[in-house]
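Only one structure is covered here, and it is reproduced in the block below.
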Amino acid sequence: MVRERDPESLYRAACRVAVDVGGFKLAWIGLLDPESSRIEPIAHAGAAGDYLAHLSISLADAERAHGPTGLAILRGRHAVCKAIASDSQMLPWRDAALARGFRASAAFPIWVAGTLRRVFSLCADHEGFFDTEALRLLDDLTADLGVALELIEATAELRAQRDILDRTDHLAQVGG
């Protein structure tokens, strides 16, 4: 993941690693649209099928804001559902999640330069998957994702400034 140079590649790599190495059934990254208050999936790996297309998470809707993904954004820290089958907060998504073999879910906020608009959501195939150690490791991973995104943004800004300086220098040379 550290070699990724653009946000979309980083998102896809993080999701792929979570599924391939972490053993999750589904990993996805959502982006909060501040205007609509909806969290839209922007990358995923694993057994998504059409699950993400019908997910519908909105911070403006009390019922659809209180699953792990919405709560991670609202609270600014990880949120966990240890048992999808019995957690009332998962009711809007329960049947679809269980049909795909998801039994537990957790979401982790991704802070970038003090701003929270992204969330890393994971689904596991057995209840109680997210123990203290797993949560600590995933908190660290999402903190690292935030730092990587900050570096990508800073690098892009430096390139843009360098391009402006190069063009200004070129214009000065041409203009004589």
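Letters A, B, ... go to the chains of the structure tokens in the order shown; residues in each chain start at 1; ligands are counted from 1 in the same order.
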**Request:** From a DSSP calculation on the backbone, collect every residue of chain A in alpha helix (DSSP H) and output the set as a ChimeraX atom specification.
**Result:** /A:7-20,68-75,94-99,132-175
**Neighbour list for Trp111 (chain A) as number ranges by chain, cut-off 10 Å, only C-alpha atoms, skip fewer than 5 positions in-chain** = A: 73, 76-77, 116-119, 142-147, 149-150
Same residues, C-alpha atoms, output as an mmCIF file, in the first residue's frame:
```cif
data_model
loop_
_atom_site.group_PDB
_atom_site.id
_atom_site.type_symbol
_atom_site.label_atom_id
_atom_site.label_comp_id
_atom_site.auth_asym_id
_atom_site.auth_seq_id
_atom_site.Cartn_x
_atom_site.Cartn_y
_atom_site.Cartn_z
ATOM 1 C CA ILE A 73 -18.326 8.972 11.120
ATOM 2 C CA GLY A 76 -15.024 9.851 15.062
ATOM 3 C CA ARG A 77 -13.881 6.468 16.377
ATOM 4 C CA LEU A 116 -13.216 13.105 8.741
ATOM 5 C CA ARG A 117 -14.986 12.257 5.493
ATOM 6 C CA ARG A 118 -13.857 8.670 4.863
ATOM 7 C CA VAL A 119 -14.572 5.413 6.629
ATOM 8 C CA THR A 142 -6.731 3.441 9.367
ATOM 9 C CA ALA A 143 -4.429 5.975 11.041
ATOM 10 C CA ASP A 144 -1.750 4.899 8.549
ATOM 11 C CA LEU A 145 -4.240 5.286 5.689
ATOM 12 C CA GLY A 146 -4.916 8.834 6.838
ATOM 13 C CA VAL A 147 -1.200 9.640 6.897
ATOM 14 C CA LEU A 149 -3.610 10.193 2.085
ATOM 15 C CA GLU A 150 -2.083 13.330 3.626
#
```
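Of the listed residues A:Leu10, A:Ala48, A:Val80, A:Ala53, the one whose atoms come nearest to Ala134 (chain A) is A:Val80, with distances taken using only C-alpha atoms.
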**Request:** Determine, counting only C-alpha atoms, which protein, DNA and RNA residues have an atom within 6 Å of an atom of region 18-29 of chain A; residues of the same chain fewer than 4 positions away are not included. Present the result as JSON, numbers by chain.
**Result:** {"A": [41, 42, 43, 44, 45, 46, 47, 119, 120, 121, 122, 123, 124]}
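Among the candidates A:Gly70, A:Pro34, A:Ser58, A:Asp50, the residue lying nearest to Ala99 (chain A) is A:Asp50 (atoms considered: only C-alpha atoms).
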**Asked** With only C-alpha atoms as the atoms that count, which of A:Ala96, A:Ala113, A:Cys81, A:Leu141 lies nearest to Leu55 (chain A)?
**Response** A:Ala96
